[in-house]
Structure formats: structure tokens, C-alpha cells
Amino acid sequence: QVQLVESGGGLVQPGGSLRLSCAASGNIFHVATVGWYRQAPGDQRELVARIFSNNYTNLADSVKGRITISRDNAKNTVYLQLNRLKPEDTAVYYCNLMMGSSVYWGQGTQVTVSS
């Protein structure tokens, strides 16, 4: 069983930055694909970014140029650096880990972009 714990969310002004962290338990992290999804009220959950075990990354078009995703296998942690935040980035951000047919989700962390 894998547990994911997100941190780093909060309230930030437009144009500001946040770094989200996702810490995973277990010993499969280094071979897993880890992603960040977000869900705003009334919207479907959507992929923001994901990073594969070989460090290849996918980024949503809406965040390209503003975010980076990285991983530290020694710490079982994935980071999502959010820059130049916009009000439309406001959402609960969820960490997701996939390994084979197994999928795990974290509890989510709220990001609010407002002046």
C-alpha cells in the first residue's frame, strides 16, 4: 500500500509562486509515474503535470512555461513548482501515483490565487 501526502498549498496573490510537495511511502516510488491533478469547484479533475520514472515529463498546455515538475527518488518526493499564478489556477491539487495497474491518490492541497 502506498500513501501520498501533499503539502505546500495556500493563498497567494496573482503573479506569485508556490511549491507543492508530494511525499510517498513504500518502495516503488522510483519506478512509478507520479502526477499532479487539480480540481476546481464544479469542474472535472484535470492533469496538470506528470513525471515518469525516467524523468520524462508531460505538462498541460494551460500551465506550460509557468510550472515545472521534478522528483527526488532519494526522498520519495515529487515537487510541483507553480510560477506566475493566475486566479484560474485556484483548485485543490492532488498527487497521483501509478505503478502497473495500481493507482493511488493523495488527499489534496488547496491552492487559492487571489488578491
# chains A, B, ... in the order shown; residues from 1 in each chain; ligands from 1
$ residues_around --residues "Gln107 (chain A)" --least-positions-apart "5" --cutoff "9 Å" --atoms "only C-alpha atoms" --output "ChimeraX atom specification"
/A:4-6,93-95
$ residues_around --residues "Asp61 (chain A)" --least-positions-apart "4" --cutoff "10 Å" --atoms "only C-alpha atoms" --output "PyMOL selection string"
chain A and resi 48-49+65
$ write_last_selection --atoms "N, CA and C atoms" --output "PDB file, in the first residue's frame"
ATOM      1  N   VAL A  48      -2.381  18.209 -14.507  1.00  0.00           N
ATOM      2  CA  VAL A  48      -1.534  19.405 -14.579  1.00  0.00           C
ATOM      3  C   VAL A  48      -0.158  19.023 -15.131  1.00  0.00           C
ATOM      4  N   ALA A  49       0.444  17.997 -14.530  1.00  0.00           N
ATOM      5  CA  ALA A  49       1.784  17.567 -14.955  1.00  0.00           C
ATOM      6  C   ALA A  49       2.045  16.181 -14.402  1.00  0.00           C
ATOM      7  N   GLY A  65       5.280  26.629 -19.432  1.00  0.00           N
ATOM      8  CA  GLY A  65       6.001  27.884 -19.276  1.00  0.00           C
ATOM      9  C   GLY A  65       5.865  28.493 -17.900  1.00  0.00           C
TER      10      GLY A  65
END
$ select_by_dssp --residues "chain A" --states "strand (DSSP E)" --output "number ranges by chain"
A: 4-7, 10-12, 18-24, 33-39, 46-51, 57-59, 67-72, 77-82, 91-99, 102-105, 109-113
$ residues_around --residues "Asn54 (chain A)" --least-positions-apart "5" --cutoff "12 Å" --atoms "only C-alpha atoms" --output "VMD selection string"
chain A and resid 29 to 34 70 to 73
$ atom_distance --atom1 "CA of Gly26 (chain A)" --atom2 "CA of Thr109 (chain A)"
21.0 Å
$ closest_residue --among "A:Ile69, A:Asn27, A:Asn83, A:Pro14" --to "Val2 (chain A)" --atoms "only C-alpha atoms"
A:Asn27
$ closest_residue --among "A:Gln3, A:Gln39, A:Gln110, A:Gln13" --to "Leu97 (chain A)" --atoms "only C-alpha atoms"
A:Gln3
$ closest_residue --among "A:Gly108, A:Ser115, A:Leu82, A:Pro41" --to "Ser62 (chain A)" --atoms "only C-alpha atoms"
A:Leu82
$ atom_distance --atom1 "CA of Asn76 (chain A)" --atom2 "CA of Ser53 (chain A)"
11.7 Å
$ atom_distance --atom1 "CA of Val63 (chain A)" --atom2 "CA of Gly15 (chain A)"
13.1 Å
$ closest_residue --among "A:Thr112, A:Gln81, A:Gln1, A:Gln44" --to "Ile67 (chain A)" --atoms "only C-alpha atoms"
A:Gln81
